[in-house]
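Pasting structure_26.cif here (mmCIF, C-alpha atoms):
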```cif
data_model
loop_
_atom_site.label_atom_id
_atom_site.label_comp_id
_atom_site.auth_asym_id
_atom_site.auth_seq_id
_atom_site.Cartn_x
_atom_site.Cartn_y
_atom_site.Cartn_z
CA MET A 1 -16.77 -7.10 13.44
CA LEU A 2 -14.45 -9.61 15.12
CA LYS A 3 -16.95 -12.41 14.46
CA ASP A 4 -16.07 -12.01 10.76
CA ILE A 5 -12.35 -12.68 11.34
CA GLU A 6 -11.01 -16.17 10.68
CA SER A 7 -7.54 -15.52 12.12
CA ILE A 8 -4.83 -12.94 12.73
CA LEU A 9 -2.24 -13.27 9.98
CA ILE A 10 0.19 -10.57 11.16
CA PRO A 11 -0.18 -9.11 14.66
CA GLN A 12 0.11 -5.37 15.25
CA ASP A 13 3.51 -5.59 16.96
CA LYS A 14 5.04 -7.37 13.96
CA VAL A 15 3.47 -4.83 11.59
CA GLN A 16 4.92 -1.92 13.58
CA GLN A 17 8.35 -3.57 13.83
CA ARG A 18 8.46 -4.10 10.07
CA ILE A 19 7.33 -0.52 9.41
CA ARG A 20 10.26 0.75 11.51
CA GLU A 21 12.64 -1.47 9.50
CA ILE A 22 11.31 -0.17 6.18
CA ALA A 23 11.59 3.42 7.44
CA LYS A 24 15.26 2.87 8.36
CA GLN A 25 15.95 1.44 4.90
CA ILE A 26 14.28 4.42 3.23
CA GLU A 27 16.31 6.79 5.43
CA ALA A 28 19.53 5.04 4.40
CA ASP A 29 18.58 5.08 0.70
CA TYR A 30 17.61 8.79 0.69
CA LYS A 31 19.96 10.24 3.31
CA GLY A 32 20.08 14.04 2.98
CA LYS A 33 17.36 14.14 0.30
CA THR A 34 13.79 15.37 0.22
CA LEU A 35 11.14 12.74 -0.46
CA THR A 36 7.72 13.07 -1.99
CA MET A 37 5.61 10.20 -0.71
CA ILE A 38 2.33 9.45 -2.43
CA CYS A 39 -0.32 7.69 -0.37
CA ILE A 40 -2.76 5.63 -2.42
CA LEU A 41 -6.13 6.23 -0.79
CA ARG A 42 -7.87 4.79 1.07
CA GLY A 43 -6.25 1.48 1.82
CA ALA A 44 -2.69 2.70 2.32
CA SER A 45 -3.64 5.57 4.64
CA VAL A 46 -3.01 3.71 7.92
CA PHE A 47 0.29 2.20 6.73
CA PHE A 48 1.32 5.56 5.24
CA CYS A 49 0.75 7.45 8.51
CA ASP A 50 2.63 4.89 10.55
CA LEU A 51 5.50 4.80 8.03
CA VAL A 52 6.07 8.52 7.52
CA ARG A 53 6.17 9.15 11.27
CA GLU A 54 9.15 6.77 11.44
CA ILE A 55 11.14 8.45 8.63
CA ASN A 56 13.60 11.08 9.81
CA LEU A 57 13.93 12.98 6.51
CA ASP A 58 12.27 15.93 4.80
CA VAL A 59 9.08 14.23 3.56
CA ARG A 60 6.35 15.86 1.46
CA PHE A 61 2.91 14.24 1.29
CA GLU A 62 0.75 13.69 -1.74
CA PHE A 63 -2.43 11.66 -2.11
CA MET A 64 -3.99 9.77 -5.00
CA SER A 65 -7.13 7.72 -5.28
CA VAL A 66 -6.89 4.92 -7.80
CA SER A 67 -9.39 2.15 -8.45
CA SER A 68 -9.44 -1.11 -10.33
CA TYR A 69 -11.73 -3.12 -8.06
CA GLY A 70 -15.04 -1.28 -8.03
CA ALA A 71 -17.20 -2.87 -5.33
CA GLY A 72 -15.90 -6.40 -5.89
CA THR A 73 -13.10 -8.54 -4.54
CA THR A 74 -11.18 -8.98 -7.80
CA THR A 75 -9.68 -6.43 -10.17
CA THR A 76 -11.65 -5.35 -13.21
CA GLY A 77 -8.35 -4.74 -15.01
CA GLU A 78 -9.42 -1.18 -15.80
CA VAL A 79 -7.55 1.42 -13.74
CA ARG A 80 -9.26 4.69 -12.95
CA ILE A 81 -7.63 7.76 -11.36
CA ASN A 82 -10.24 9.21 -9.01
CA LYS A 83 -7.93 11.85 -7.49
CA ASP A 84 -4.53 12.88 -8.83
CA ILE A 85 -1.69 14.52 -6.93
CA ASN A 86 -1.49 18.30 -6.59
CA THR A 87 2.16 18.91 -7.48
CA THR A 88 4.71 18.23 -10.17
CA LEU A 89 7.04 15.25 -9.75
CA GLU A 90 9.74 16.41 -12.11
CA GLY A 91 13.18 16.00 -10.54
CA LYS A 92 11.76 14.71 -7.24
CA ASN A 93 12.48 11.50 -5.34
CA VAL A 94 9.13 9.75 -5.16
CA ILE A 95 7.89 6.77 -3.20
CA VAL A 96 4.38 5.49 -3.87
CA VAL A 97 2.89 3.90 -0.74
CA GLU A 98 0.27 1.20 -1.27
CA ASP A 99 -1.43 -1.26 1.06
CA ILE A 100 -1.05 -4.42 -1.05
CA ILE A 101 0.33 -5.61 -4.37
CA ASP A 102 -2.14 -8.17 -5.64
CA SER A 103 -2.60 -8.56 -9.41
CA GLY A 104 0.01 -5.86 -10.03
CA CYS A 105 -2.19 -4.23 -12.67
CA THR A 106 -2.96 -1.04 -10.78
CA LEU A 107 0.60 -0.37 -9.65
CA ALA A 108 2.13 -1.26 -13.02
CA PHE A 109 -0.23 1.25 -14.66
CA LEU A 110 0.41 3.86 -11.99
CA LYS A 111 4.20 3.47 -12.09
CA LYS A 112 4.25 3.86 -15.88
CA MET A 113 2.04 6.95 -15.65
CA LEU A 114 4.15 8.57 -12.91
CA GLU A 115 7.45 7.80 -14.71
CA GLN A 116 6.19 9.99 -17.55
CA ARG A 117 6.23 12.91 -15.09
CA ASN A 118 10.06 12.67 -14.92
CA PRO A 119 10.80 12.12 -11.23
CA ALA A 120 14.46 11.81 -10.22
CA SER A 121 13.55 8.41 -8.77
CA LEU A 122 10.37 6.41 -8.33
CA LYS A 123 9.95 3.48 -5.97
CA ILE A 124 7.03 1.47 -4.67
CA CYS A 125 6.49 0.70 -0.99
CA THR A 126 3.80 -1.74 0.10
CA LEU A 127 2.75 -3.26 3.38
CA LEU A 128 1.73 -6.56 1.79
CA ASP A 129 2.68 -8.48 -1.34
CA LYS A 130 0.60 -11.37 -2.67
CA PRO A 131 2.74 -12.66 -5.59
CA SER A 132 0.57 -15.72 -6.26
CA ARG A 133 -2.15 -13.39 -7.60
CA ARG A 134 0.00 -11.53 -10.17
CA LYS A 135 -1.50 -10.92 -13.57
CA VAL A 136 1.42 -8.74 -14.70
CA GLU A 137 5.04 -8.88 -13.64
CA PHE A 138 5.54 -6.35 -10.88
CA LYS A 139 7.78 -6.07 -7.85
CA GLY A 140 7.76 -3.61 -4.96
CA ASP A 141 10.96 -1.89 -3.85
CA TYR A 142 10.07 -1.86 -0.15
CA VAL A 143 7.84 -4.73 0.95
CA GLY A 144 6.53 -5.30 4.44
CA PHE A 145 5.34 -8.89 4.22
CA GLU A 146 4.85 -11.45 1.47
CA ILE A 147 1.60 -13.29 2.12
CA GLU A 148 -0.25 -16.25 0.69
CA ASP A 149 -3.51 -15.93 -1.23
CA LYS A 150 -5.91 -15.10 1.59
CA PHE A 151 -8.47 -12.30 1.74
CA VAL A 152 -7.02 -9.92 4.33
CA VAL A 153 -8.33 -6.85 6.13
CA GLY A 154 -7.05 -4.47 8.78
CA CYS A 155 -4.23 -1.91 8.87
CA GLY A 156 -6.17 0.03 6.23
CA LEU A 157 -7.25 -2.91 4.08
CA ASP A 158 -10.97 -3.37 3.75
CA TYR A 159 -13.87 -5.35 2.46
CA ALA A 160 -16.80 -3.14 1.42
CA GLU A 161 -15.25 -0.22 3.37
CA ARG A 162 -15.25 -2.23 6.63
CA TYR A 163 -12.42 -3.52 8.85
CA ARG A 164 -9.83 -0.84 7.93
CA ASN A 165 -9.45 0.12 11.59
CA LEU A 166 -8.35 -3.33 12.79
CA LYS A 167 -4.85 -3.11 14.28
CA ASP A 168 -3.73 -6.52 13.00
CA VAL A 169 -3.67 -7.89 9.45
CA CYS A 170 -6.49 -10.41 9.64
CA VAL A 171 -7.91 -13.13 7.40
CA LEU A 172 -11.58 -12.53 6.68
CA LYS A 173 -13.92 -15.52 6.86
CA PRO A 174 -14.88 -16.55 3.31
CA SER A 175 -18.55 -16.59 4.32
CA VAL A 176 -18.37 -12.78 4.72
CA TYR A 177 -17.23 -11.97 1.17
CA THR A 178 -18.85 -14.83 -0.75
CA LYS A 179 -22.45 -14.03 0.24
#
```

Translate this structure into structure tokens?
Amino acid sequence: MLKDIESILIPQDKVQQRIREIAKQIEADYKGKTLTMICILRGASVFFCDLVREINLDVRFEFMSVSSYGAGTTTTGEVRINKDINTTLEGKNVIVVEDIIDSGCTLAFLKKMLEQRNPASLKICTLLDKPSRRKVEFKGDYVGFEIEDKFVVGCGLDYAERYRNLKDVCVLKPSVYTK
């Protein structure tokens, strides 16, 4: 697997440090409140687990599976809900946790859909933000790192379901995904 990695973009220690900082900000913003945090499967699962363990609040977990990429490396533009949450969001403080904001299409769609469920608040938390790839205007509320337009894996991010378990955010060699 490591032979496919071009470089380490963000080492594990920096990722973990930034996760702790985001958790502290969330704690300050929601002091004394219950949070419903929605993990967007599968990519955000590693970031989600690391993040929620750092938050010292009453946190409820929900999980969604959303797709706009299919088996490719670029968005199809069509968003599909593969698995929805199991609870109502009405009157709840909600944070959607995603691995990366790329085109913005999926999260813009998802945010609009979830706002219709009348949460008390709705924010987006992402480990990575790649603003140069935006197709729609979209901004995360809690952002780990802004990165340049490189194909990254690790910390839950994948290519063809591989590399999610890498501890660092790594740049994948173009020869791997352009075959």

CA of Ile101 in chain A and CA of Arg18 in chain A, how far apart in Å?
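According to the coordinates, CA of Arg18 in chain A and CA of Ile101 in chain A are separated by 16.6 Å.
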
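Nearest to Glu62 in chain A of all the residues A:Asp102, A:Asp13, A:Asp84, A:Asp149 is A:Asp84, based on only C-alpha atoms.
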
Practice item. List, as a ChimeraX atom specification, every residue that the PyMOL selection byres ((chain A and resi 3) around 12) selects in the file provided. Key: /A:1-2,4-7,163,170-173,175-176

Pick the closest to Val79 in chain A from A:Phe109, A:Tyr142, A:Tyr177, A:Tyr159: which is it, counting only C-alpha atoms?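 The answer is A:Phe109, which sits nearest to Val79 in chain A.
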
Practice item. Can you turn the PyMOL selection byres ((chain A and resi 25) around 12) into a concrete residue list for this file, as number ranges by chain? Key: A: 18-24, 26-31, 51, 54-57, 125, 141-144

field: the PyMOL selection byres ((chain A and resi 148) around 9) applied to the shown file, residues as a list in words
entry: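 For this structure, the PyMOL selection byres ((chain A and resi 148) around 9) resolves to Asp129, Lys130, Pro131, Ser132, Arg133, Glu146, Ile147, Asp149 and Lys150 of chain A.
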
### Task
Go ahead and compute the interatomic distance for CA of Gly91 in chain A and CA of Ser45 in chain A, in Å to one decimal.
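Pair CA of Gly91 in chain A / CA of Ser45 in chain A returns 24.9 Å.
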
Practice prompt. Write out as a list in words each polymer residue whose atoms come within 8 Å of Ser67 in chain A, counting all atoms listed in the file; drop sequence neighbours fewer than 6 positions from it.
Written response: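 The residues that qualify are Val79, Arg80, Ile81, Asn82 and Thr106 of chain A.
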
When distances are computed from all atoms listed in the file, which of A:Cys155, A:Val66, A:Leu107, A:Ile124 shows the smallest separation from Met37 in chain A?
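Result for the nearest residue to Met37 in chain A: A:Ile124.
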
Discussion item. Just to confirm, what's the straight-line distance from CA of Leu122 in chain A to CA of Leu157 in chain A in Å (one decimal)?
Written reply: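 Value for the CA of Leu122 in chain A-CA of Leu157 in chain A distance: 23.5 Å.
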
Find the spatial neighbours of Phe138 in chain A, counting only C-alpha atoms, within a cut-off of 9 Å - ignore same-chain residues fewer than 2 positions away - and output them as a ChimeraX atom specification.
-> /A:101,103-105,107-108,131,134-136,140

Practice task
Please determine the residues with any atom at most 6 Å from (-1.5, -12.3, 8.5) (coordinates as given in the file, with all atoms listed in the file counting) and report them as number ranges by chain.
Solution key: A: 8-10, 169-170

Produce a file of the selected residues containing C-alpha atoms, as a CSV table (one decimal), in the coordinates of the input.
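Dumped to part-v3.csv:
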```
chain,number,residue,atom,x,y,z
A,8,ILE,CA,-4.8,-12.9,12.7
A,9,LEU,CA,-2.2,-13.3,10.0
A,10,ILE,CA,0.2,-10.6,11.2
A,169,VAL,CA,-3.7,-7.9,9.4
A,170,CYS,CA,-6.5,-10.4,9.6
```

Quick one: residues within 8 Å of Leu35 in chain A, all atoms listed in the file, excluding same-chain residues fewer than 2 positions away - as a VMD selection string? chain A and resid 30 33 37 57 to 60 92 to 95

Could you write out the selected residues, including C-alpha atoms, as a tab-separated table (two decimals), in the coordinates of the input?
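Okay, result00.tsv is ready:
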```
chain	number	residue	atom	x	y	z
A	30	TYR	CA	17.61	8.79	0.69
A	33	LYS	CA	17.36	14.14	0.30
A	37	MET	CA	5.61	10.20	-0.71
A	57	LEU	CA	13.93	12.98	6.51
A	58	ASP	CA	12.27	15.93	4.80
A	59	VAL	CA	9.08	14.23	3.56
A	60	ARG	CA	6.35	15.86	1.46
A	92	LYS	CA	11.76	14.71	-7.24
A	93	ASN	CA	12.48	11.50	-5.34
A	94	VAL	CA	9.13	9.75	-5.16
A	95	ILE	CA	7.89	6.77	-3.20
```

Exercise for the section: Identify, on the basis of all atoms listed in the file, every residue whose closest approach to Ser65 in chain A does not exceed 6 Å; exclude the query and any residue fewer than 5 positions from it along the same chain; express the result as a VMD selection string. Expected result: chain A and resid 40 to 41 82 to 83

Residues near Thr126 in chain A, anyone? I mean within 6 Å using all atoms listed in the file, not counting same-chain ones fewer than 2 positions away, as number ranges by chain.
A: 97-100, 128, 143

Generate the output file for the selected residues, C-alpha atoms, as a compact mmCIF listing (two decimals), keeping the file's coordinate frame.
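Wrote part_15.txt, looks like this:
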```
# COMPACT_ATOMS: atom_id res chain seq x y z
CA VAL A 97 2.89 3.90 -0.74
CA GLU A 98 0.27 1.20 -1.27
CA ASP A 99 -1.43 -1.26 1.06
CA ILE A 100 -1.05 -4.42 -1.05
CA LEU A 128 1.73 -6.56 1.79
CA VAL A 143 7.84 -4.73 0.95
```

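Nearest residue to Gln17 in chain A among A:Pro119, A:Glu90, A:Asp50, A:Pro174 is A:Asp50, counting all atoms listed in the file.
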
* Asked: For Glu161 in chain A, which residue out of A:Thr34, A:Arg42, A:Lys139, A:Val15 is the nearest one, using all atoms listed in the file?
  ->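 Ranking A:Thr34, A:Arg42, A:Lys139, A:Val15 by distance to Glu161 in chain A, first place goes to A:Arg42.
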
Missing atoms of range 19-45 of chain A rebuilt to N, CA, C and O atoms, written as a CSV table (one decimal), keeping the file's coordinate frame:
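Listing of out_36.csv after writing:
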```
chain,number,residue,atom,x,y,z
A,19,ILE,N,7.4,-1.9,9.9
A,19,ILE,CA,7.3,-0.5,9.4
A,19,ILE,C,8.6,0.3,9.8
A,19,ILE,O,9.1,1.0,9.0
A,20,ARG,N,9.0,0.1,11.1
A,20,ARG,CA,10.3,0.8,11.5
A,20,ARG,C,11.5,0.3,10.7
A,20,ARG,O,12.3,1.1,10.3
A,21,GLU,N,11.5,-1.0,10.3
A,21,GLU,CA,12.6,-1.5,9.5
A,21,GLU,C,12.6,-0.9,8.1
A,21,GLU,O,13.7,-0.5,7.6
A,22,ILE,N,11.4,-0.8,7.5
A,22,ILE,CA,11.3,-0.2,6.2
A,22,ILE,C,11.7,1.3,6.2
A,22,ILE,O,12.4,1.8,5.4
A,23,ALA,N,11.3,2.0,7.3
A,23,ALA,CA,11.6,3.4,7.4
A,23,ALA,C,13.1,3.6,7.5
A,23,ALA,O,13.7,4.5,6.9
A,24,LYS,N,13.8,2.8,8.2
A,24,LYS,CA,15.3,2.9,8.4
A,24,LYS,C,15.9,2.6,7.0
A,24,LYS,O,16.9,3.3,6.7
A,25,GLN,N,15.4,1.7,6.2
A,25,GLN,CA,16.0,1.4,4.9
A,25,GLN,C,15.7,2.6,4.0
A,25,GLN,O,16.6,3.0,3.2
A,26,ILE,N,14.6,3.2,4.0
A,26,ILE,CA,14.3,4.4,3.2
A,26,ILE,C,15.2,5.6,3.6
A,26,ILE,O,15.8,6.3,2.8
A,27,GLU,N,15.4,5.8,4.9
A,27,GLU,CA,16.3,6.8,5.4
A,27,GLU,C,17.7,6.6,4.9
A,27,GLU,O,18.4,7.5,4.5
A,28,ALA,N,18.2,5.3,4.9
A,28,ALA,CA,19.5,5.0,4.4
A,28,ALA,C,19.6,5.3,2.9
A,28,ALA,O,20.6,5.8,2.4
A,29,ASP,N,18.6,4.9,2.2
A,29,ASP,CA,18.6,5.1,0.7
A,29,ASP,C,18.5,6.5,0.3
A,29,ASP,O,18.9,6.9,-0.8
A,30,TYR,N,17.9,7.4,1.1
A,30,TYR,CA,17.6,8.8,0.7
A,30,TYR,C,18.2,9.8,1.7
A,30,TYR,O,17.8,10.9,1.7
A,31,LYS,N,19.3,9.4,2.3
A,31,LYS,CA,20.0,10.2,3.3
A,31,LYS,C,20.3,11.6,2.7
A,31,LYS,O,20.8,11.7,1.6
A,32,GLY,N,19.8,12.7,3.4
A,32,GLY,CA,20.1,14.0,3.0
A,32,GLY,C,19.2,14.5,1.8
A,32,GLY,O,19.4,15.7,1.4
A,33,LYS,N,18.2,13.7,1.4
A,33,LYS,CA,17.4,14.1,0.3
A,33,LYS,C,15.9,14.4,0.8
A,33,LYS,O,15.5,13.9,1.8
A,34,THR,N,15.2,15.1,0.0
A,34,THR,CA,13.8,15.4,0.2
A,34,THR,C,13.0,14.3,-0.5
A,34,THR,O,13.3,14.0,-1.7
A,35,LEU,N,12.0,13.8,0.1
A,35,LEU,CA,11.1,12.7,-0.5
A,35,LEU,C,9.7,13.3,-0.7
A,35,LEU,O,9.2,14.0,0.2
A,36,THR,N,9.1,12.9,-1.8
A,36,THR,CA,7.7,13.1,-2.0
A,36,THR,C,7.1,11.7,-1.9
A,36,THR,O,7.4,10.8,-2.7
A,37,MET,N,6.3,11.5,-0.9
A,37,MET,CA,5.6,10.2,-0.7
A,37,MET,C,4.1,10.3,-1.1
A,37,MET,O,3.4,11.2,-0.6
A,38,ILE,N,3.7,9.4,-1.9
A,38,ILE,CA,2.3,9.4,-2.4
A,38,ILE,C,1.6,8.3,-1.8
A,38,ILE,O,1.9,7.1,-2.0
A,39,CYS,N,0.6,8.7,-1.0
A,39,CYS,CA,-0.3,7.7,-0.4
A,39,CYS,C,-1.5,7.4,-1.3
A,39,CYS,O,-2.1,8.3,-1.8
A,40,ILE,N,-1.6,6.1,-1.6
A,40,ILE,CA,-2.8,5.6,-2.4
A,40,ILE,C,-4.0,5.4,-1.5
A,40,ILE,O,-4.0,4.5,-0.7
A,41,LEU,N,-4.9,6.3,-1.6
A,41,LEU,CA,-6.1,6.2,-0.8
A,41,LEU,C,-7.1,5.1,-1.2
A,41,LEU,O,-7.1,4.8,-2.4
A,42,ARG,N,-7.8,4.6,-0.3
A,42,ARG,CA,-7.9,4.8,1.1
A,42,ARG,C,-7.0,3.8,1.8
A,42,ARG,O,-6.6,4.0,2.9
A,43,GLY,N,-6.9,2.6,1.2
A,43,GLY,CA,-6.2,1.5,1.8
A,43,GLY,C,-4.9,1.7,2.5
A,43,GLY,O,-4.6,1.2,3.5
A,44,ALA,N,-4.1,2.5,1.8
A,44,ALA,CA,-2.7,2.7,2.3
A,44,ALA,C,-2.6,3.8,3.4
A,44,ALA,O,-1.6,3.9,4.0
A,45,SER,N,-3.7,4.4,3.7
A,45,SER,CA,-3.6,5.6,4.6
A,45,SER,C,-3.1,5.2,6.0
A,45,SER,O,-2.3,6.0,6.6
```
